[in-house]
Amino acid sequence: MMEKIKTNRIKLADLRFFDAEHNGIELSDSLSKGILVDVDGNGNYSNLFCLGEAYPVFKRAPISNVTSGGLSYGTKVYHVSNELVTGPCWVLTSCDFAKVFKNSEVSLETLENYVLAAEEFFKDRISIAEKRISNGKNIAKMSGIIKKDEEARNLMNDFFGEREKAVQKVKED
């Protein structure tokens, strides 16, 4: 993998539920945070800590939707990469990692440390902690992170599991 990653290609994202049939993202709190990277600079984002993952990725428009009465109800999102399929999706946030790290490039280890120290739940944090344990690093601290994140991971899995059951077709006799 790359030694250094350009911070202008790194995005913080919220994990949500996308319904392809209705072409929309369910309004809910973020189920997880994620670190996505545009490796080639072509707008195709990949989850840095789970490269095989192919969830649809969306970017928010800079203006909000407003009713004729002036009530704001969110922003329009645009599909930017990966196939549109029902299930988990990523929505990019406006977090600027160049300002967070005060650098134009960061190492993978620096990003791992950011995820490990974050207050928010990152679904990929457990795998980072497990990797550190297998390398014999901060075993007690990493075990605590895993224990803390297991409940949030179970809630996230339950959330998506409920939606998978709701969209399954039932064969009638």
# chains A, B, ... in the order shown; residues from 1 in each chain; ligands from 1
$ residues_around --residues "A:Glu105" --least-positions-apart "4" --cutoff "6 Å" --atoms "only C-alpha atoms" --output "PyMOL selection string"
chain A and resi 4-7
$ closest_atom_pairs --of "stretch 16-77 of chain A" --to "stretch 120-131 of chain A" --cutoff "8 Å" --atoms "only C-alpha atoms" --output "CSV"
residue,atom,partner,partner_atom,distance
A:Leu31,CA,A:Phe121,CA,7.8
A:Ser32,CA,A:Phe122,CA,5.1
A:Lys33,CA,A:Phe122,CA,4.7
A:Gly34,CA,A:Phe122,CA,5.9
A:Phe49,CA,A:Asp124,CA,6.3
A:Cys50,CA,A:Asp124,CA,7.4
$ select_by_dssp --residues "stretch 8-172 of chain A" --states "alpha helix (DSSP H)" --output "ChimeraX atom specification"
/A:97-101,108-117,125-134,139-167
$ residues_around --residues "A:Asn157" --least-positions-apart "6" --cutoff "12 Å" --atoms "only C-alpha atoms" --output "list in words"
Leu15, Arg16, Phe17, Leu31, Ser32, Gly87, Pro88, Lys123, Glu150, Glu151, Arg163 and Glu164 of chain A
$ residues_around --residues "stretch 61-72 of chain A" --least-positions-apart "3" --cutoff "12 Å" --atoms "only C-alpha atoms" --output "ChimeraX atom specification"
/A:58,75-80,91-94
$ residues_around --residues "A:Ala98" --least-positions-apart "3" --cutoff "7 Å" --atoms "only C-alpha atoms" --output "JSON, numbers by chain"
{"A": [7, 8, 101, 102, 103, 104]}
$ closest_residue --among "A:Asn47, A:Ser81, A:Leu116, A:Ala20" --to "A:Ser143" --atoms "only C-alpha atoms"
A:Leu116
$ closest_residue --among "A:Ser107, A:Phe97, A:Glu119, A:Asp29" --to "A:Phe159" --atoms "only C-alpha atoms"
A:Asp29
$ closest_residue --among "A:Cys95, A:Asp14, A:Ile133, A:Asn42" --to "A:Tyr55" --atoms "only C-alpha atoms"
A:Asp14
$ closest_residue --among "A:Leu51, A:Ser30, A:Gly136, A:Ser46" --to "A:Ala152" --atoms "only C-alpha atoms"
A:Ser30
$ select_by_dssp --residues "chain A" --states "strand (DSSP E or B)" --output "ChimeraX atom specification"
/A:4-6,10-19,24-25,33-37,46-47,57-66,72-81,87-92,105-107,122
$ closest_residue --among "A:Asn82, A:Leu108, A:Glu162, A:Glu26" --to "A:Gly52" --atoms "only C-alpha atoms"
A:Asn82
$ atom_distance --atom1 "atom CA of A:Arg132" --atom2 "atom CA of A:Pro56"
29.0 Å
$ closest_residue --among "A:Ala140, A:Cys89, A:Ile25, A:Asp96" --to "A:Arg9" --atoms "only C-alpha atoms"
A:Asp96
